[in-house]
Every structure is written in C-alpha cells, then in structure tokens.
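J.: Okay, handing you the structure first.
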Amino acid sequence: GAARAVRAAAALLEDEDFIQRLAVAKLLLTVSQPGDELVVLEVSARLEHRLTSVRLAAATVLGQVVPRGCERALNAISARLSHKEPGPRSAALKALALVLSPAVGTAPAVAAAALSSAAEVAALEAAHRCLEDVDASV
C-alpha cells in the first residue's frame, strides 16, 4: 500500500539519474501527507548516505515535503547535526534551513523569537552548536 510506495519513492533518492531524484518530492506528495512519519524516516535516513548527491537530494526533498517547522522532521534532522562525519552534518544543515525557512539566516536570538515551537528552537540551537564546532576546528 502507501508504505510500500513511500519506501519505493524514497529509494529513488539513491538513483544515479538526477531526474529520478528530482521526481521524488512529487511522488512522495502524491502517495502521502506532508510531514508523514514514514516519509520523514525514509528521507532523513538518506541524509547519512555515503554519496553527497543523495544527501543533498534528501535535504531538498525534506524541504519540499514537510511543512515548515514540522517537529518530526526537525527532530530527525537535528539528530544528524552531531554526526561524526561532516557530510551528513552539512546535509542536515541544508535540510534544517529548508524546513525552518525563513527563520534560518538571521541571528540566533532573532530567529528564535520568530519560531513557533520548542522543536524549532531546539533545532536552531543544535545547528548553531554544529556551526560553532566547525568554526572551532578550522
């Protein structure tokens, strides 16, 4: 049923064909509701994929298929901000920016005031810590 369709669509994020990866968001929106738990699970897992193209496609798709501030998505993305590898952390930051938009890109205190949930604030704080870690290692 729908779960199988979601898994099949999310698997297309790993396709070598860029056009197939682009079609994933449209497919997921056709077979599920925005912010669907399985969609978030399947797509956010690919933020940790070994290929940069898959990670970036997953981040983009999350930004397209989850409502702004979706707590489930923010929690899944935030979990990747402390990943040991920089690739998944970078993909998570991109996904976070897309899911929090337009709050991201402003000063943390200003952005936090514009956010409407504790999950949004926690995600932004996690992103800020992640970026501080990057600055400290440079």
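If you're wondering about the labels, chains in the structure tokens are A, B, ... by order shown, residues count from 1 in each chain, ligands from 1 in order shown.
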Do you know which residues are at most 9 Å from Ser78 in chain A counting only C-alpha atoms, after dropping those on the same chain fewer than 4 positions away, and could you put them as a list in words?

T.: Ala73, Leu74, Ser82, Ala92, Leu93, Leu96, Ala122, Ala123, Leu124, Ala126 and Ala127 of chain A

J.: With distances taken over only C-alpha atoms, which residue among A:Leu51, A:Gly35, A:Val43, A:Arg89 lies nearest Arg68 in chain A?

T.: A:Gly35

J.: Identify which of the residues A:Gly1, A:Gly63, A:Gly69, A:Pro88 lies closest to Ala25 in chain A, counting only C-alpha atoms when measuring atom-to-atom distances.

T.: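 Ranking A:Gly1, A:Gly63, A:Gly69, A:Pro88 by distance to Ala25 in chain A, first place goes to A:Gly63.
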
J.: For CA of Arg55 in chain A and CA of Ala91 in chain A, quote the distance in Å rounded to one decimal.

T.: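 Straight-line distance from CA of Arg55 in chain A to CA of Ala91 in chain A works out to 5.7 Å.
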
J.: Using only C-alpha atoms, which of A:Ala10, A:Ala76, A:Ala57, A:Ala118 sits nearest Ser32 in chain A?

T.: A:Ala10
